[in-house]
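Notes follow once the structure below has been shown.
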Amino acid sequence: MLRFPEGFLWGVATAAYQIEGAAREDGRGPSVWDTFAHTPGNIVNGDTGDVADDHYHRMESDVDLMADLGFKGYRFSTGWSRVYPDGKTVNQKGVDFYRRLVDKLLSKGILPAITLNHWDLPEALRWTDRDTAYRFGEYAETMFRALPEVPMWITHNEPWCVAMLGYWRGVHAPGVKGDLAAAVKVSHHLMMSHHLAAQAPHSGKIGITLSLFPSYPRSDSDADRAATVLSDGYTNRWYLDPVLKGEYPADLVAHFASLGADVNEFMQPGDLGGPRADFIGANYYHRRIIHATPGNDLGWAVTDRSPGVPTTDMGWEIVPFGLTDLLLRLGRDYDNVPVYITENGAVYDDEISPDGQVHDPARVEFLHKHVVAAHKAIEEGANLQGYFAWSFMDNFEWAFGYTKRFGLVYVDYATQRRIPKDSARFWGKVTAQNGVE
Ligand code: FCB
């Protein structure tokens with residue numbers, strides 16, 4: 001039996017736009033993701049989050065199900081455009097929904113961990129505007145005041161995705177392609193807004209959730225190794241350093257500047273002047289293998305499939321040791337910072353069996369291997385304090401719409417029936433035993 005430290009927090013995660021639906025109800029305003037999803041060609045099958053899992057109307061029974069399955073922590077996001085429909089005026093009905101959700105969780109003994117920005121920026125705002133950082137600071141203050149008993153606040157989810165997938169690769173809202181200067185500016189406004197929120201009066205801990213990719217050189221050549229350092233800077237250090245050290249990594253500042261995206265052009269003194277983050281939320285799905293491509297794109301390329309390495313149905317490599325490496329590295333490079341795995345999980349093409357159940361042995365095995373990898377990291381000194389599986393239930397998987405199922409609970413979208421998969425029971429057992437066999 002591999003046991004985790006006492007008080008280790010086991011939970012599940014979701015995000016507002018991916019599950020709530022009720023897109024035009026009780027005063028909710030459009031977010032950039034509503035606009036993006038409603039633009040033909042952006043999402044597989046033209047799916048949108050309009051209805052999603054209808055969680056807005058099923059919140060009580062969803063939390064009951066969580067409790068029945070034995071989950072102890074729930075990471076969810078408050079919909080920014082539900083609380084601030086026009087980006088600047090509070091919608092009390094939106095706040096009230098999250099008040100009821102937190103009350104319900106607490107009544108069931110489930111610890112709420114709230115993400116403030118899981119990508120649903122009010123349509124009236126843009127991260128390219130410095131003013132949006134101040135609007136985020138206000139929104140954070142509103143939520144801190146409304147929900148003082150929440151012990152764990154996460155300012156942003158995966159700012160790398162917002163900035164780089166939204167403005168450089170163009171596959172996420174608002175769908176801008178190839179504008180590295182805008183992407184770097186967006187990343188700075190996100191980091192700055194994290195610091196503004198962290199300086200606002202609050203109770204509980206404040207951290208940030210990052211998409212972290214352990215990165216490995218494809219060969220031992222100096223060029224591949226140097227490219228890997230830069231690529232690690234691009235996905236990881238660019239977001240870790242400002243919240244833990246209050247500055248950007250110098251090598252990346254120079255690299256971005258050499259590509260026409262100089263952060264010093266829009267950074268002002270004090271922008272990163274808030275307190276060190278209380279914890280890092282690490283989202284881990286897969287590794288990146290890097291090789292140099294001088295003069296091309298950012299100067300490197302990623303190999304994301306290697307022969308013989310198994311993948312999930314998302315096509316992502318299954319590499320549990322990457323999680324161990326990542327957790328140890330965070331402790332080593334960032335002064336033993338407390339870490340929560342805020343997302344880890346797998347897509348499989350689940351089906352309802354003739355017995356009416358959903359058997360997902362591959363997902364159980366995936367989670368089992370990653371829990372073992374996390375345990376190994378703790379044994380070797382990592383300061384890991386909790387682990388949230390992505391996701392509580394199947395939901396709107398961004399550009400992939402409803403075609404990719406990450407849930408521990410199956411959602412039959414036609415009827416909105418919830419069917420716990422075998423992995424949900426597995427996760428309940430891991431929680432109850434505080435470990436795995
Ligand atoms: C992460 C997102 C999350 C979910 C998973 C699969 O990038 O934070 O909302 O879509 O990937």
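Each chain in the structure tokens gets a letter, A, B, ..., in the order shown, and its residues are numbered from 1; ligands are numbered from 1 in order too.
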
Q: Please return as number ranges by chain: the residues of range 26-134 of chain A that backbone DSSP assigns to strand (DSSP E).
A: A: 73-77, 111-117

Quick one: which range 290-405 of chain A residues come within 12 Å of range 158-179 of chain A, and what is the nearest atom pair for each with the distance in Å to one decimal, counting only C-alpha atoms, rows ordered by chain and ascending number, as a tab-separated table?
```
residue	atom	partner	partner_atom	distance
A:Asp297	CA	A:Gly178	CA	9.8
A:Leu298	CA	A:Trp168	CA	10.7
A:Thr342	CA	A:Glu158	CA	10.6
A:Glu343	CA	A:Glu158	CA	10.6
A:Glu397	CA	A:His172	CA	11.3
A:Trp398	CA	A:His172	CA	7.7
A:Ala399	CA	A:His172	CA	7.0
A:Phe400	CA	A:Val171	CA	10.4
```

Selection from above, C-alpha atoms, as a PDB file, in the first residue's frame, can you write it?
```pdb
ATOM      1  CA  ASP A 297       9.048  29.403 -35.685  1.00  0.00           C
ATOM      2  CA  LEU A 298      10.228  29.906 -32.071  1.00  0.00           C
ATOM      3  CA  THR A 342      -4.953  20.592 -10.154  1.00  0.00           C
ATOM      4  CA  GLU A 343      -5.529  18.474 -13.278  1.00  0.00           C
ATOM      5  CA  GLU A 397     -13.535  19.896 -24.241  1.00  0.00           C
ATOM      6  CA  TRP A 398     -12.857  23.303 -25.841  1.00  0.00           C
ATOM      7  CA  ALA A 399     -11.930  23.028 -29.550  1.00  0.00           C
ATOM      8  CA  PHE A 400     -12.852  19.304 -29.449  1.00  0.00           C
TER       9      PHE A 400
END
```

Q.
List the spatial neighbours of Lys421 in chain A as number ranges by chain - criterion: any atom at most 12 Å away, only C-alpha atoms, same-chain residues fewer than 3 positions off excluded.
A. A: 69, 348, 350-353, 356-364, 391-394, 405-411, 418, 424-428

**Q.** Selected residue of minimal separation from ligand 1 among A:Tyr234, A:Phe71, A:Tyr56, A:Tyr17, counting only C-alpha atoms and all ligand atoms
**A.**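 Once distances to ligand 1 are computed over only C-alpha atoms and all ligand atoms, the minimum belongs to A:Tyr17.
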
Q: List the neighbours of Arg145 in chain A out to 12 Å using only C-alpha atoms; skip same-chain residues closer than 5 positions along the sequence, and give me the result as a count of residues only.
A: 11

List all protein, DNA and RNA residues that have at least one atom no more than 9 Å from any atom of ligand 1, counting only C-alpha atoms and all ligand atoms, and write them as a JSON list (two decimals) with N, CA, C and O atoms, in the first residue's frame.
```
[["chain", "number", "residue", "atom", "x", "y", "z"],
["A", 13, "ALA", "N", -11.96, 17.98, -10.63],
["A", 13, "ALA", "CA", -11.97, 19.35, -11.14],
["A", 13, "ALA", "C", -12.93, 19.50, -12.32],
["A", 13, "ALA", "O", -13.19, 18.54, -13.06],
["A", 14, "THR", "N", -13.42, 20.73, -12.48],
["A", 14, "THR", "CA", -14.21, 21.13, -13.66],
["A", 14, "THR", "C", -13.94, 22.60, -13.93],
["A", 14, "THR", "O", -13.17, 23.24, -13.21],
["A", 15, "ALA", "N", -14.62, 23.14, -14.94],
["A", 15, "ALA", "CA", -14.57, 24.58, -15.19],
["A", 15, "ALA", "C", -15.94, 25.04, -15.68],
["A", 15, "ALA", "O", -16.65, 24.28, -16.35],
["A", 17, "TYR", "N", -17.36, 27.10, -18.00],
["A", 17, "TYR", "CA", -17.89, 27.05, -19.37],
["A", 17, "TYR", "C", -18.01, 25.61, -19.87],
["A", 17, "TYR", "O", -18.84, 25.30, -20.72],
["A", 18, "GLN", "N", -17.24, 24.71, -19.30],
["A", 18, "GLN", "CA", -17.25, 23.33, -19.77],
["A", 18, "GLN", "C", -18.44, 22.53, -19.25],
["A", 18, "GLN", "O", -18.77, 21.49, -19.80],
["A", 118, "HIS", "N", -11.06, 30.57, -15.64],
["A", 118, "HIS", "CA", -10.83, 29.39, -16.47],
["A", 118, "HIS", "C", -11.32, 29.75, -17.88],
["A", 118, "HIS", "O", -12.23, 29.12, -18.42],
["A", 119, "TRP", "N", -10.78, 30.85, -18.38],
["A", 119, "TRP", "CA", -10.82, 31.26, -19.79],
["A", 119, "TRP", "C", -12.06, 32.02, -20.26],
["A", 119, "TRP", "O", -12.08, 32.50, -21.39],
["A", 157, "ASN", "N", -6.29, 29.78, -14.76],
["A", 157, "ASN", "CA", -6.01, 28.45, -15.27],
["A", 157, "ASN", "C", -5.17, 28.56, -16.53],
["A", 157, "ASN", "O", -5.60, 29.17, -17.52],
["A", 158, "GLU", "N", -3.99, 27.99, -16.50],
["A", 158, "GLU", "CA", -3.15, 27.83, -17.69],
["A", 158, "GLU", "C", -3.00, 29.09, -18.54],
["A", 158, "GLU", "O", -3.43, 29.12, -19.71],
["A", 161, "CYS", "N", -1.93, 28.78, -22.15],
["A", 161, "CYS", "CA", -2.95, 28.48, -23.17],
["A", 161, "CYS", "C", -3.66, 29.75, -23.60],
["A", 161, "CYS", "O", -3.89, 29.97, -24.80],
["A", 209, "THR", "N", -2.87, 28.09, -11.40],
["A", 209, "THR", "CA", -2.76, 26.79, -12.05],
["A", 209, "THR", "C", -2.06, 26.96, -13.40],
["A", 209, "THR", "O", -2.47, 27.78, -14.22],
["A", 210, "LEU", "N", -1.02, 26.17, -13.62],
["A", 210, "LEU", "CA", -0.23, 26.27, -14.85],
["A", 210, "LEU", "C", -0.23, 24.93, -15.59],
["A", 210, "LEU", "O", -0.24, 23.87, -14.96],
["A", 211, "SER", "N", -0.21, 25.02, -16.90],
["A", 211, "SER", "CA", -0.03, 23.81, -17.71],
["A", 211, "SER", "C", 1.47, 23.59, -17.78],
["A", 211, "SER", "O", 2.17, 24.35, -18.44],
["A", 283, "ASN", "N", -1.01, 21.36, -13.71],
["A", 283, "ASN", "CA", -1.80, 20.50, -14.60],
["A", 283, "ASN", "C", -0.81, 19.68, -15.39],
["A", 283, "ASN", "O", 0.04, 20.23, -16.11],
["A", 284, "TYR", "N", -0.87, 18.37, -15.23],
["A", 284, "TYR", "CA", 0.05, 17.52, -15.96],
["A", 284, "TYR", "C", -0.70, 16.52, -16.84],
["A", 284, "TYR", "O", -1.52, 15.75, -16.35],
["A", 285, "TYR", "N", -0.41, 16.57, -18.12],
["A", 285, "TYR", "CA", -0.98, 15.58, -19.04],
["A", 285, "TYR", "C", 0.11, 14.79, -19.77],
["A", 285, "TYR", "O", 0.02, 13.58, -19.89],
["A", 342, "THR", "N", -3.58, 20.08, -10.01],
["A", 342, "THR", "CA", -4.95, 20.59, -10.15],
["A", 342, "THR", "C", -5.67, 19.95, -11.34],
["A", 342, "THR", "O", -6.89, 20.12, -11.47],
["A", 343, "GLU", "N", -4.91, 19.27, -12.21],
["A", 343, "GLU", "CA", -5.53, 18.47, -13.28],
["A", 343, "GLU", "C", -4.59, 17.36, -13.68],
["A", 343, "GLU", "O", -3.38, 17.57, -13.83],
["A", 344, "ASN", "N", -5.17, 16.20, -13.89],
["A", 344, "ASN", "CA", -4.48, 15.07, -14.52],
["A", 344, "ASN", "C", -5.58, 14.09, -14.88],
["A", 344, "ASN", "O", -6.50, 13.87, -14.09],
["A", 345, "GLY", "N", -5.53, 13.56, -16.07],
["A", 345, "GLY", "CA", -6.60, 12.66, -16.48],
["A", 345, "GLY", "C", -6.42, 12.24, -17.92],
["A", 345, "GLY", "O", -5.41, 12.56, -18.55],
["A", 346, "ALA", "N", -7.39, 11.51, -18.43],
["A", 346, "ALA", "CA", -7.22, 10.89, -19.75],
["A", 346, "ALA", "C", -8.54, 10.79, -20.50],
["A", 346, "ALA", "O", -9.59, 10.60, -19.91],
["A", 347, "VAL", "N", -8.42, 10.90, -21.83],
["A", 347, "VAL", "CA", -9.56, 10.69, -22.72],
["A", 347, "VAL", "C", -9.57, 9.23, -23.16],
["A", 347, "VAL", "O", -8.55, 8.71, -23.61],
["A", 390, "TRP", "N", -8.87, 15.40, -13.46],
["A", 390, "TRP", "CA", -9.67, 16.02, -14.50],
["A", 390, "TRP", "C", -10.33, 14.90, -15.28],
["A", 390, "TRP", "O", -9.61, 14.12, -15.88],
["A", 391, "SER", "N", -11.64, 14.79, -15.23],
["A", 391, "SER", "CA", -12.55, 15.75, -14.69],
["A", 391, "SER", "C", -13.63, 15.02, -13.91],
["A", 391, "SER", "O", -13.80, 13.82, -14.07],
["A", 395, "ASN", "N", -17.34, 16.59, -20.36],
["A", 395, "ASN", "CA", -17.80, 17.97, -20.57],
["A", 395, "ASN", "C", -17.30, 18.52, -21.90],
["A", 395, "ASN", "O", -16.69, 17.80, -22.70],
["A", 396, "PHE", "N", -17.55, 19.80, -22.10],
["A", 396, "PHE", "CA", -17.17, 20.51, -23.34],
["A", 396, "PHE", "C", -15.66, 20.67, -23.36],
["A", 396, "PHE", "O", -15.10, 21.48, -22.62],
["A", 397, "GLU", "N", -15.00, 19.89, -24.21],
["A", 397, "GLU", "CA", -13.53, 19.90, -24.24],
["A", 397, "GLU", "C", -13.04, 20.91, -25.29],
["A", 397, "GLU", "O", -12.45, 20.56, -26.30],
["A", 398, "TRP", "N", -13.35, 22.19, -25.05],
["A", 398, "TRP", "CA", -12.86, 23.30, -25.84],
["A", 398, "TRP", "C", -12.96, 23.04, -27.35],
["A", 398, "TRP", "O", -14.04, 22.68, -27.82],
["A", 404, "LYS", "N", -14.52, 14.46, -26.87],
["A", 404, "LYS", "CA", -13.48, 13.88, -26.01],
["A", 404, "LYS", "C", -13.99, 13.79, -24.58],
["A", 404, "LYS", "O", -14.35, 14.80, -23.98],
["A", 406, "PHE", "N", -13.27, 13.17, -20.79],
["A", 406, "PHE", "CA", -12.25, 13.13, -19.72],
["A", 406, "PHE", "C", -12.86, 12.73, -18.37],
["A", 406, "PHE", "O", -12.15, 12.66, -17.38]]
```

Q: Select, from A:Pro242, A:Pro217, A:Pro310, A:Gly435, the residue with the minimum atom-to-atom distance to His291 in chain A, counting only C-alpha atoms.
A: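 Counting only C-alpha atoms, the residue closest to His291 in chain A is A:Pro217.
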
Q: Check the smallest atom-to-atom distance from each of A:Glu6, A:Thr324, A:Ala23, A:Asp313 to Asp54 in chain A using only C-alpha atoms, then report the winner.
A: A:Ala23

Q: Mind listing the helix (DSSP H, G or I) residues of range 59-90 of chain A, per DSSP on the backbone, as a list of chain:residue names?
A: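 So, restricting range 59-90 of chain A to helix (DSSP H, G or I), we get A:Met59, A:Glu60, A:Ser61, A:Asp62, A:Val63, A:Asp64, A:Leu65, A:Met66, A:Ala67, A:Asp68, A:Leu69, A:Trp80, A:Ser81, A:Arg82, A:Val83.
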
Q | Using only C-alpha atoms: which of A:Ala301, A:Leu121, A:Ile43, A:Ala374 has the shortest distance to Leu230 in chain A | A |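 For Leu230 in chain A, the nearest of the given residues is A:Ala301.
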
Q: Could you check which of A:Val184, A:Thr403, A:Asp220, A:Gly315 is closest to Val253 in chain A, using only C-alpha atoms?
A: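 That would be A:Val184, the residue with the smallest distance to Val253 in chain A.
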
Q.
My list of candidates is A:His188, A:Glu60, A:Leu212, A:Val51. Which is closest to Ala414 in chain A when distances are computed with only C-alpha atoms?
A. A:Val51

Q. Which neighbours of Phe266 in chain A fall inside 9 Å, counting only C-alpha atoms, when residues of the same chain fewer than 4 positions from it are skipped, and could you give them as a VMD selection string?
A. chain A and resid 130 185 188 262

(Q) For a test of reading the model, state the distance in Å between CA of Glu141 in chain A and CA of Arg28 in chain A, rounded to one decimal. (A)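 Taking CA of Glu141 in chain A as the start and CA of Arg28 in chain A as the end point, the length is 19.0 Å.
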
(Q) Residues within 8 Å of Tyr340 in chain A, please, as a list in words. Count only C-alpha atoms; anything in the same chain fewer than 5 positions from it doesn't count. (A)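 Residues meeting the cut-off are Phe279, Ile280, Gly281, Ala282, Leu384, Gln385, Gly386, Tyr387 and Phe388 of chain A.
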
Q | Residues within 12 Å of Leu252 in chain A, only C-alpha atoms, excluding chain neighbours under 6 positions, as a count of residues only | A | 22

Q.
I'd like the interatomic distance between CA of Phe213 in chain A and CA of Gly7 in chain A, to a tenth of an Å.
A. 26.8 Å
